[in-house]
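**Q** Input entry20.txt, format and content: compact mmCIF, C-alpha atoms.
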# COMPACT_ATOMS: atom_id res chain seq x y z
CA MET A 29 126.03 105.82 66.18
CA ARG A 30 127.07 108.21 68.94
CA ARG A 31 129.62 109.87 66.63
CA LEU A 32 127.08 110.26 63.85
CA PHE A 33 124.65 111.81 66.32
CA VAL A 34 127.25 114.41 67.37
CA VAL A 35 128.12 115.22 63.75
CA ALA A 36 124.44 115.68 62.99
CA LEU A 37 123.99 118.09 65.85
CA MET A 38 127.02 120.08 64.68
CA ALA A 39 125.62 120.24 61.18
CA LEU A 40 122.27 121.56 62.38
CA SER A 41 124.04 124.09 64.57
CA MET A 42 126.05 125.38 61.63
CA CYS A 43 122.86 125.64 59.64
CA ALA A 44 121.31 127.72 62.37
CA LEU A 45 124.36 130.03 62.58
CA HIS A 46 124.74 130.70 58.85
CA THR A 47 121.76 131.85 56.80
CA VAL A 48 121.74 130.31 53.34
CA ASP A 49 120.06 132.02 50.42
CA ALA A 50 118.43 129.28 48.35
CA ASN A 51 118.36 131.53 45.29
CA HIS A 52 122.18 131.30 45.08
CA LEU A 53 122.28 127.48 45.19
CA PRO A 54 121.73 125.17 42.23
CA ASP A 55 118.61 122.97 42.40
CA ALA A 56 120.66 119.79 42.79
CA ALA A 57 122.61 121.18 45.78
CA LEU A 58 119.41 122.43 47.37
CA ASN A 59 117.80 119.00 47.06
CA ILE A 60 120.89 117.32 48.55
CA ASN A 61 120.93 119.73 51.50
CA GLU A 62 117.24 119.22 52.15
CA ARG A 63 117.59 115.43 52.05
CA PHE A 64 120.64 115.57 54.33
CA PHE A 65 118.96 117.68 56.96
CA ASP A 66 115.76 115.63 56.77
CA GLU A 67 117.84 112.54 57.56
CA VAL A 68 119.63 114.35 60.38
CA ARG A 69 116.33 115.48 61.90
CA GLU A 70 114.96 111.94 61.69
CA LEU A 71 118.13 110.58 63.31
CA ILE A 72 117.85 113.06 66.19
CA LYS A 73 114.16 112.25 66.63
CA ARG A 74 114.86 108.50 66.85
CA ARG A 75 117.73 109.13 69.28
CA MET A 76 115.61 111.29 71.58
CA GLU A 77 112.75 108.79 71.59
CA SER A 78 115.02 105.86 72.43
CA LYS A 79 116.75 107.56 75.36
CA PRO A 80 114.68 109.66 77.83
CA MET A 81 116.00 113.04 78.83
CA PRO A 82 117.72 113.05 82.22
CA LEU A 83 115.64 114.18 85.20
CA ALA A 84 116.80 116.85 87.57
CA GLY A 85 116.73 117.25 91.32
CA ASP A 86 113.87 115.63 93.21
CA GLU A 87 112.45 113.95 90.10
CA LEU A 88 115.69 112.04 89.55
CA ALA A 89 115.90 111.08 93.22
CA LEU A 90 112.29 109.91 93.19
CA GLN A 91 112.84 107.77 90.05
CA ASN A 92 115.96 106.22 91.56
CA GLN A 93 114.08 105.57 94.79
CA ARG A 94 111.24 103.85 92.96
CA SER A 95 113.69 101.63 91.11
CA TYR A 96 115.41 100.76 94.39
CA ASP A 97 112.11 100.12 96.16
CA ASN A 98 111.25 97.32 93.74
CA VAL A 99 114.45 95.37 94.37
CA PRO A 100 113.78 92.45 96.78
CA ILE A 101 116.20 91.77 99.62
CA PRO A 102 118.46 88.74 98.93
CA ALA A 103 117.57 85.91 101.33
CA ALA A 104 121.21 85.40 102.31
CA SER A 105 121.43 88.96 103.67
CA VAL A 106 118.39 88.73 105.95
CA PRO A 107 119.31 88.27 109.64
CA VAL A 108 117.53 85.46 111.48
CA PRO A 109 116.51 85.92 115.15
CA VAL A 110 117.85 83.13 117.38
CA LEU A 111 116.54 82.81 120.95
CA VAL A 112 118.99 83.33 123.81
CA GLU A 113 118.18 80.59 126.32
CA ASN A 114 117.96 81.37 130.05
CA TRP A 115 117.83 85.13 129.57
CA PRO A 116 117.37 86.96 131.86
CA THR A 117 119.39 84.89 134.30
CA ASP A 118 117.31 86.19 137.25
CA GLN A 119 113.54 86.11 137.59
CA HIS A 120 111.84 89.52 137.60
CA SER A 121 108.47 90.51 139.04
CA PHE A 122 107.31 92.93 136.37
CA GLY A 123 103.76 93.96 135.73
CA GLN A 124 102.42 93.86 132.18
CA VAL A 125 105.45 94.74 130.04
CA THR A 126 103.87 96.90 127.37
CA ALA A 127 106.99 98.28 125.71
CA VAL A 128 110.67 97.67 125.14
CA SER A 129 113.30 99.87 123.53
CA VAL A 130 117.10 99.92 123.39
CA ASP A 131 119.12 102.92 124.54
CA PRO A 132 122.21 104.26 122.69
CA GLU A 133 124.48 102.16 124.95
CA GLY A 134 122.74 98.96 123.86
CA ASN A 135 120.79 98.40 127.10
CA PRO A 136 117.26 97.03 126.74
CA VAL A 137 114.75 99.21 128.60
CA ILE A 138 111.25 98.06 129.55
CA PHE A 139 108.05 99.95 130.39
CA HIS A 140 105.60 98.08 132.62
CA ARG A 141 102.31 98.62 134.47
CA ALA A 142 103.29 97.23 137.87
CA ASP A 143 100.00 96.36 139.61
CA ARG A 144 97.73 97.97 137.01
CA TYR A 145 95.69 95.99 134.48
CA TRP A 146 93.61 97.16 131.56
CA ASP A 147 90.21 95.47 131.58
CA VAL A 148 86.56 96.30 130.86
CA ASN A 149 86.37 98.47 133.99
CA THR A 150 89.32 100.71 133.13
CA PHE A 151 87.57 103.20 130.80
CA ASN A 152 83.99 104.34 130.30
CA GLU A 153 82.22 104.58 126.94
CA SER A 154 83.69 108.05 126.38
CA ASN A 155 87.24 106.69 126.92
CA ILE A 156 87.57 108.49 130.25
CA TYR A 157 89.89 106.67 132.65
CA TYR A 158 87.87 105.41 135.63
CA LEU A 159 90.67 105.09 138.16
CA ILE A 160 92.13 108.61 138.32
CA GLU A 161 91.42 108.73 142.06
CA TYR A 162 93.98 105.95 142.64
CA GLY A 163 96.73 108.27 141.45
CA PRO A 164 99.79 107.37 139.38
CA ILE A 165 101.64 104.07 139.74
CA LYS A 166 103.80 104.21 142.87
CA GLU A 167 106.41 101.75 141.64
CA LYS A 168 109.15 102.48 139.11
CA THR A 169 107.66 101.82 135.69
CA ILE A 170 110.89 101.97 133.63
CA TYR A 171 113.80 99.61 134.14
CA VAL A 172 117.16 99.58 132.33
CA LEU A 173 118.44 96.02 131.96
CA ASP A 174 121.88 94.57 131.42
CA PRO A 175 122.04 93.20 127.85
CA LYS A 176 124.24 90.25 128.90
CA THR A 177 122.37 89.02 131.98
CA GLY A 178 119.04 90.84 131.95
CA ALA A 179 119.69 92.11 135.50
CA ILE A 180 118.18 95.46 136.49
CA LYS A 181 120.80 98.21 136.25
CA SER A 182 118.58 101.16 137.17
CA GLY A 183 114.99 102.32 137.19
CA TRP A 184 112.77 105.40 137.29
CA GLY A 185 109.23 106.52 136.48
CA SER A 186 107.49 106.17 139.87
CA ASP A 187 104.48 108.41 140.61
CA MET A 188 104.34 109.54 136.98
CA PHE A 189 102.17 107.25 134.85
CA TYR A 190 98.69 105.74 135.12
CA MET A 191 98.47 103.19 132.28
CA PRO A 192 101.77 102.73 130.41
CA HIS A 193 101.68 101.71 126.77
CA GLY A 194 104.43 102.79 124.32
CA MET A 195 108.07 103.76 124.76
CA THR A 196 110.80 104.66 122.26
CA ILE A 197 114.35 105.80 123.04
CA ASP A 198 115.91 107.99 120.36
CA GLY A 199 119.56 108.27 119.32
CA HIS A 200 120.19 110.97 121.91
CA GLY A 201 118.84 108.88 124.76
CA ASN A 202 115.53 110.75 125.07
CA TYR A 203 112.51 108.73 126.19
CA TRP A 204 109.28 109.08 124.19
CA ILE A 205 106.33 107.65 126.10
CA THR A 206 102.59 107.20 125.68
CA ASP A 207 100.06 106.76 128.50
CA VAL A 208 96.62 105.59 127.35
CA ALA A 209 94.90 106.66 130.59
CA MET A 210 96.25 110.22 130.42
CA HIS A 211 95.70 110.40 126.63
CA GLN A 212 99.11 111.99 126.29
CA ALA A 213 102.53 111.52 124.69
CA PHE A 214 105.72 112.72 126.40
CA LYS A 215 109.37 113.38 125.69
CA PHE A 216 111.70 112.98 128.70
CA ARG A 217 115.38 113.26 129.28
CA PRO A 218 116.56 110.07 131.02
CA PHE A 219 115.66 109.83 134.69
CA GLU A 220 113.92 113.22 134.73
CA SER A 221 110.41 113.56 136.09
CA LYS A 222 109.48 116.71 134.17
CA PRO A 223 108.83 116.19 130.44
CA GLN A 224 110.47 118.37 127.80
CA LEU A 225 107.45 118.05 125.55
CA VAL A 226 103.80 117.05 126.05
CA ILE A 227 101.27 116.30 123.31
CA GLY A 228 97.57 115.92 124.19
CA LYS A 229 95.33 117.06 127.03
CA ARG A 230 95.67 115.40 130.43
CA PHE A 231 92.84 112.86 130.97
CA ARG A 232 90.86 114.54 128.17
CA PRO A 233 90.41 112.29 125.14
CA GLY A 234 89.40 113.89 121.87
CA ALA A 235 89.54 113.77 118.10
CA THR A 236 90.77 117.31 117.37
CA LEU A 237 94.35 117.93 116.30
CA LYS A 238 95.13 119.17 119.83
CA HIS A 239 93.86 116.00 121.50
CA LEU A 240 94.92 112.38 121.61
CA CYS A 241 92.83 109.37 122.55
CA LYS A 242 94.68 106.33 123.93
CA PRO A 243 97.92 106.92 121.97
CA THR A 244 99.91 103.76 121.45
CA SER A 245 103.38 104.36 120.02
CA ILE A 246 105.97 106.95 118.90
CA ALA A 247 108.62 106.81 116.16
CA VAL A 248 111.44 109.38 116.07
CA ALA A 249 113.54 110.30 113.04
CA THR A 250 117.17 111.38 113.09
CA THR A 251 115.92 114.72 111.75
CA GLY A 252 114.06 115.27 115.03
CA GLU A 253 110.64 114.84 113.44
CA PHE A 254 108.40 112.37 115.25
CA PHE A 255 105.20 110.43 114.67
CA ILE A 256 102.52 109.50 117.22
CA ALA A 257 100.16 106.57 116.66
CA ASP A 258 96.84 107.83 117.98
CA GLY A 259 95.81 104.92 118.55
CA TYR A 260 92.77 103.05 119.92
CA CYS A 261 90.12 105.72 119.28
CA ASN A 262 91.21 107.98 116.43
CA SER A 263 93.15 105.40 114.37
CA ARG A 264 95.47 107.98 112.85
CA ILE A 265 99.13 108.95 112.78
CA LEU A 266 100.20 112.51 113.64
CA LYS A 267 103.50 113.86 112.31
CA PHE A 268 105.31 116.67 114.18
CA ASN A 269 108.50 118.65 113.72
CA ALA A 270 111.20 118.53 116.40
CA ALA A 271 109.61 121.43 118.30
CA GLY A 272 106.25 119.68 118.51
CA LYS A 273 104.45 121.57 115.72
CA LEU A 274 101.94 119.42 113.88
CA LEU A 275 102.92 118.87 110.23
CA ARG A 276 100.28 116.46 108.96
CA SER A 277 97.82 113.76 109.83
CA ILE A 278 97.91 110.30 108.25
CA PRO A 279 95.63 109.50 106.54
CA GLN A 280 94.28 112.76 105.16
CA PRO A 281 92.20 113.41 102.04
CA PRO A 282 92.65 112.36 99.31
CA GLU A 283 94.88 109.70 100.86
CA PHE A 284 93.20 106.30 100.75
CA LEU A 285 94.43 104.52 103.86
CA SER A 286 92.01 103.23 106.46
CA LEU A 287 93.65 102.29 109.77
CA GLN A 288 92.06 100.29 112.56
CA VAL A 289 94.06 100.52 115.81
CA PRO A 290 97.57 101.50 114.71
CA HIS A 291 99.22 99.71 117.62
CA ALA A 292 102.91 100.32 116.89
CA ILE A 293 105.01 102.29 114.39
CA THR A 294 108.61 102.25 113.19
CA LEU A 295 110.68 104.18 110.67
CA LEU A 296 112.77 102.87 107.79
CA GLU A 297 114.57 106.13 107.10
CA HIS A 298 116.68 104.75 104.25
CA LEU A 299 113.46 104.00 102.35
CA ASP A 300 111.61 107.03 103.76
CA LEU A 301 108.86 104.73 105.04
CA LEU A 302 106.77 104.75 108.20
CA CYS A 303 105.63 101.18 108.90
CA ILE A 304 102.47 100.72 110.96
CA ALA A 305 101.18 97.69 112.85
CA ASP A 306 97.57 98.09 111.67
CA ARG A 307 96.36 95.66 114.28
CA GLU A 308 92.68 95.06 113.64
CA ASN A 309 93.14 95.16 109.87
CA MET A 310 95.70 92.36 110.39
CA ARG A 311 98.43 93.90 108.28
CA VAL A 312 101.51 96.10 108.18
CA VAL A 313 101.22 99.22 106.03
CA CYS A 314 104.13 101.49 105.11
CA PRO A 315 103.22 104.92 103.73
CA LYS A 316 105.90 107.44 102.78
CA ALA A 317 107.21 109.28 105.86
CA GLY A 318 108.08 112.46 103.96
CA LEU A 319 111.43 112.90 105.70
CA LYS A 320 113.47 113.37 102.51
CA SER A 321 110.89 115.29 100.50
CA SER A 322 107.14 115.60 100.15
CA HIS A 323 107.19 113.44 97.00
CA GLY A 324 105.22 110.27 97.61
CA GLU A 325 103.20 111.52 100.56
CA GLY A 326 99.61 110.41 100.09
CA GLN A 327 100.47 107.76 97.49
CA PRO A 328 99.31 104.16 98.09
CA ALA A 329 101.20 102.58 100.98
CA ALA A 330 103.20 99.39 100.74
CA THR A 331 100.93 96.75 102.25
CA ILE A 332 101.87 93.42 103.80
CA GLN A 333 98.81 91.29 104.47
CA GLU A 334 99.09 87.53 104.31
CA PRO A 335 96.82 84.79 105.72
CA ASP A 336 99.15 83.81 108.58
CA LEU A 337 99.96 87.35 109.76
CA GLY A 338 96.98 87.90 112.06
CA ARG A 339 96.65 90.88 114.40
CA VAL A 340 99.98 92.71 114.42
CA PHE A 341 100.96 94.13 117.81
CA GLY A 342 104.56 95.24 117.39
CA VAL A 343 106.94 96.36 114.63
CA SER A 344 110.60 97.36 114.67
CA GLY A 345 112.69 98.47 111.71
CA TYR A 346 116.23 97.39 111.02
CA GLY A 347 117.92 98.47 107.79
CA ASP A 348 115.39 97.91 105.03
CA ILE A 349 113.37 95.21 106.81
CA VAL A 350 110.76 95.11 109.57
CA PHE A 351 110.55 92.62 112.41
CA ALA A 352 107.00 92.14 113.70
CA VAL A 353 105.03 90.09 116.23
CA ASN A 354 101.39 89.14 116.06
CA GLY A 355 99.01 88.46 118.94
CA PRO A 356 96.31 85.84 119.54
CA THR A 357 94.22 85.63 116.37
CA SER A 358 91.79 82.76 115.97
CA MET A 359 93.81 79.58 115.34
CA LEU A 360 96.92 81.25 113.90
CA PRO A 361 100.34 80.64 115.48
CA VAL A 362 101.57 83.52 117.65
CA ARG A 363 105.11 84.26 116.52
CA GLY A 364 107.57 86.66 114.93
CA PHE A 365 107.79 87.73 111.31
CA THR A 366 110.47 89.20 109.10
CA ILE A 367 108.96 91.53 106.50
CA ASP A 368 110.31 93.10 103.31
CA PRO A 369 108.25 96.25 102.61
CA ARG A 370 109.79 96.66 99.14
CA SER A 371 108.40 93.36 97.88
CA GLU A 372 105.43 93.56 100.28
CA THR A 373 106.06 90.03 101.52
CA ILE A 374 106.82 88.04 104.66
CA ILE A 375 110.31 86.62 104.16
CA GLY A 376 110.77 84.77 107.47
CA HIS A 377 109.08 83.32 110.57
CA TRP A 378 110.63 82.85 114.00
CA GLY A 379 109.82 82.48 117.70
CA GLU A 380 106.82 81.21 119.63
CA PHE A 381 104.83 83.40 122.02
CA LYS A 382 101.60 83.60 123.97
CA ASN A 383 100.71 87.30 124.12
CA PRO A 384 103.49 89.52 122.74
CA HIS A 385 102.97 93.26 122.89
CA SER A 386 106.13 95.02 121.65
CA ILE A 387 109.44 94.48 119.88
CA ALA A 388 112.71 96.40 119.52
CA VAL A 389 116.05 95.93 117.75
CA SER A 390 119.31 97.34 119.09
CA VAL A 391 120.95 100.11 117.07
CA ASN A 392 123.87 97.93 115.98
CA GLY A 393 121.59 95.03 115.08
CA SER A 394 123.17 92.63 117.57
CA ALA A 395 120.00 91.85 119.51
CA LEU A 396 116.22 91.85 119.31
CA TYR A 397 113.81 91.95 122.28
CA VAL A 398 110.15 90.96 122.59
CA THR A 399 107.88 91.65 125.56
CA GLU A 400 104.76 89.81 126.65
CA THR A 401 101.79 90.89 128.75
CA GLY A 402 100.03 88.40 131.00
CA THR A 403 98.41 87.98 134.38
CA ASN A 404 101.47 87.23 136.54
CA HIS A 405 105.24 87.72 136.67
CA GLN A 406 105.84 84.45 134.82
CA THR A 407 103.86 85.61 131.78
CA ASN A 408 104.94 89.26 132.00
CA ARG A 409 108.40 88.90 130.59
CA VAL A 410 111.08 89.90 128.08
CA TRP A 411 112.69 87.61 125.50
CA LYS A 412 116.09 88.21 123.93
CA TYR A 413 117.15 87.09 120.46
CA VAL A 414 120.46 87.52 118.66
CA LEU A 415 120.42 88.27 114.96
CA ALA A 416 122.45 85.65 113.10
Output the file's structure as structure tokens, nothing else.
**A**
Amino acid sequence: MRRLFVVALMALSMCALHTVDANHLPDAALNINERFFDEVRELIKRRMESKPMPLAGDELALQNQRSYDNVPIPAASVPVPVLVENWPTDQHSFGQVTAVSVDPEGNPVIFHRADRYWDVNTFNESNIYYLIEYGPIKEKTIYVLDPKTGAIKSGWGSDMFYMPHGMTIDGHGNYWITDVAMHQAFKFRPFESKPQLVIGKRFRPGATLKHLCKPTSIAVATTGEFFIADGYCNSRILKFNAAGKLLRSIPQPPEFLSLQVPHAITLLEHLDLLCIADRENMRVVCPKAGLKSSHGEGQPAATIQEPDLGRVFGVSGYGDIVFAVNGPTSMLPVRGFTIDPRSETIIGHWGEFKNPHSIAVSVNGSALYVTETGTNHQTNRVWKYVLA
């Protein structure tokens, strides 16, 4: 068939190159030629219809990506979190541990509120922080822990923050932090008190593109682009380039994606997805991040919403999967989930918690950490899991 197709193309090409005068051909030869080329044209037509023309550039990449996106993850390849008993080996007296991340050296790092608590008296109806006069937290709010023992290796962040919430450490060791009282997001070099980058207006909540209102979480791409979950008031995601220039807001018209308290975000760069813990909608949604190209931005997001998921507080990406934790939701168990965004399903359950707030996976995938917020040092804690 392939050989016949090539011969047919050659025949048509020769016909195009050499003009034939029908007046010099006998009728029988003319009829044979016409029938031959009619058959060749029909053969080419059938061949073209049965095999689509190859796509070029971004279109080909997008088609390949779509095909890959629909392939479920084999169960045997999914890592299972296993609790590490008696970790940390020493008892800590942390405040509410609102965030955990893992630095490039594999050390878990926690962000806590020390003696501060968020209750009904913390903000007024306009989201203005009531307790500015008390000043920033005097104690160190960031502690680097030993991954083997959980012992404190170092700490910083005293006299800097008012109401800690989110923290992400990027591949270069930079700290990306959100403070819901200050309505700001920051980028710090480790152990430095002056931020390299500030987004939002200090103690001034707002809904404009220059303001934040109780931002919750930050996700940073290897390209330097970063996303801020803005958060409790505006229920939107803001995407910036590495220099801090706003690129887009998620959602934006005509994008149909309604968020209700995006509490945590994580990137799956291999799939070009930004996965969001859409807390009050009790789901995880993963729109296109737009890191590879603008194709797919604004299209319907992958959505994971099952009856046992509940209010999702934390998400952390690893490879092509997302680990998540829910919080107290009616009578549902409070636990961890393993999610496959490609099939839009929960593919595993693990752990047992009371009030988890954040989750992080180490870069090499050797460990997973979950933090809890409570009312005393026994309930404000960090759990370690190994991925088996």
**Q** Could you pull the residues within 8 Å of Ala270 in chain A, counting only C-alpha atoms, minus those fewer than 6 positions along the same chain, as a PyMOL selection string?
**A** chain A and resi 251-254
**Q** Rounded to one decimal in Å, what is the spacing between CA of Val112 in chain A and CA of Tyr413 in chain A?
**A**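 Rounded to one decimal, the two atoms are 5.4 Å apart.
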**Q** From the set A:Tyr397, A:Tyr171, A:Tyr260, A:Tyr157, which residue has the shortest atom-to-atom contact distance to Gly183 in chain A, counting only C-alpha atoms?
**A** A:Tyr171
**Q** Any chance you could tabulate, as JSON lines, the residues of range 309-410 of chain A at most 10 Å from range 275-295 of chain A with each one's nearest atom pair and distance in Å to one decimal, using all atoms listed in the file, in chain and rising number order?
**A**
{"residue": "A:Asn309", "atom": "CA", "partner": "A:Gln288", "partner_atom": "CA", "distance": 5.9}
{"residue": "A:Met310", "atom": "CA", "partner": "A:Gln288", "partner_atom": "CA", "distance": 9.0}
{"residue": "A:Arg311", "atom": "CA", "partner": "A:Leu287", "partner_atom": "CA", "distance": 9.8}
{"residue": "A:Val312", "atom": "CA", "partner": "A:Pro290", "partner_atom": "CA", "distance": 9.3}
{"residue": "A:Val313", "atom": "CA", "partner": "A:Leu285", "partner_atom": "CA", "distance": 8.9}
{"residue": "A:Cys314", "atom": "CA", "partner": "A:Leu295", "partner_atom": "CA", "distance": 9.0}
{"residue": "A:Pro315", "atom": "CA", "partner": "A:Leu285", "partner_atom": "CA", "distance": 8.8}
{"residue": "A:Lys316", "atom": "CA", "partner": "A:Leu295", "partner_atom": "CA", "distance": 9.8}
{"residue": "A:Ala317", "atom": "CA", "partner": "A:Leu295", "partner_atom": "CA", "distance": 7.8}
{"residue": "A:Glu325", "atom": "CA", "partner": "A:Glu283", "partner_atom": "CA", "distance": 8.5}
{"residue": "A:Gly326", "atom": "CA", "partner": "A:Glu283", "partner_atom": "CA", "distance": 4.8}
{"residue": "A:Gln327", "atom": "CA", "partner": "A:Glu283", "partner_atom": "CA", "distance": 6.8}
{"residue": "A:Pro328", "atom": "CA", "partner": "A:Phe284", "partner_atom": "CA", "distance": 7.0}
{"residue": "A:Ala329", "atom": "CA", "partner": "A:Leu285", "partner_atom": "CA", "distance": 7.6}
{"residue": "A:Arg339", "atom": "CA", "partner": "A:His291", "partner_atom": "CA", "distance": 9.7}
{"residue": "A:Val340", "atom": "CA", "partner": "A:His291", "partner_atom": "CA", "distance": 7.7}
{"residue": "A:Phe341", "atom": "CA", "partner": "A:His291", "partner_atom": "CA", "distance": 5.8}
{"residue": "A:Gly342", "atom": "CA", "partner": "A:Ala292", "partner_atom": "CA", "distance": 5.4}
{"residue": "A:Val343", "atom": "CA", "partner": "A:Ala292", "partner_atom": "CA", "distance": 6.1}
{"residue": "A:Ser344", "atom": "CA", "partner": "A:Thr294", "partner_atom": "CA", "distance": 5.5}
{"residue": "A:Gly345", "atom": "CA", "partner": "A:Thr294", "partner_atom": "CA", "distance": 5.8}
{"residue": "A:Tyr346", "atom": "CA", "partner": "A:Leu295", "partner_atom": "CA", "distance": 8.8}
{"residue": "A:Gly347", "atom": "CA", "partner": "A:Leu295", "partner_atom": "CA", "distance": 9.7}
{"residue": "A:Asp348", "atom": "CA", "partner": "A:Leu295", "partner_atom": "CA", "distance": 9.7}
{"residue": "A:Val350", "atom": "CA", "partner": "A:Thr294", "partner_atom": "CA", "distance": 8.3}
{"residue": "A:Phe351", "atom": "CA", "partner": "A:Thr294", "partner_atom": "CA", "distance": 9.9}
{"residue": "A:Ala352", "atom": "CA", "partner": "A:Ala292", "partner_atom": "CA", "distance": 9.7}
{"residue": "A:His385", "atom": "CA", "partner": "A:His291", "partner_atom": "CA", "distance": 9.1}
{"residue": "A:Ser386", "atom": "CA", "partner": "A:Ala292", "partner_atom": "CA", "distance": 7.8}
{"residue": "A:Ile387", "atom": "CA", "partner": "A:Ala292", "partner_atom": "CA", "distance": 9.3}
{"residue": "A:Ala388", "atom": "CA", "partner": "A:Thr294", "partner_atom": "CA", "distance": 9.5}
**Q** What gap, in Å, lies between CA of Ala127 in chain A and CA of Asp306 in chain A?
**A**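 Going from CA of Ala127 in chain A over to CA of Asp306 in chain A, I get 16.9 Å.
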**Q** What does the structure give for the distance between CA of Ala209 in chain A and CA of Thr244 in chain A, in Å to one decimal?
**A**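 Going from CA of Ala209 in chain A over to CA of Thr244 in chain A covers 10.8 Å.
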**Q** Of the candidates A:Ile156, A:Ala235, A:Cys303, A:Val398, which one gets nearest to Val137 in chain A if we count only C-alpha atoms?
**A**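 Checking each of A:Ile156, A:Ala235, A:Cys303, A:Val398 against Val137 in chain A, counting only C-alpha atoms, the winner is A:Val398.
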**Q** Closest to His193 in chain A among A:Thr399, A:Pro132, A:His298, A:Asp174, using all atoms listed in the file?
**A**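 So, comparing all the options, the nearest one is A:Thr399.
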**Q** From the list A:Ile205, A:Met191, A:Ile227, A:Val128, which residue is nearest Leu173 in chain A when using all atoms listed in the file?
**A**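 Nearest to Leu173 in chain A: A:Val128.
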**Q** Which is closest to Met359 in chain A among A:Leu337, A:Ile246, A:Leu225, A:Val172, if we use all atoms listed in the file?
**A**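 Distance minimum relative to Met359 in chain A lands on A:Leu337.
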**Q** Find the axis-aligned box for range 385-394 of chain A, covering all its listed atoms and adding 8 Å on each side, and write its centre and edge lengths in Å to one decimal as lines of an AutoDock Vina configuration file.
**A**
center_x = 113.4
center_y = 96.4
center_z = 119.0
size_x = 36.9
size_y = 23.5
size_z = 23.8
**Q** For Phe216 in chain A, which of A:Asn149, A:Ser186, A:Thr196, A:Thr401 is the closest residue, counting only C-alpha atoms?
**A**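 Under the stated criterion, the closest residue is A:Thr196.
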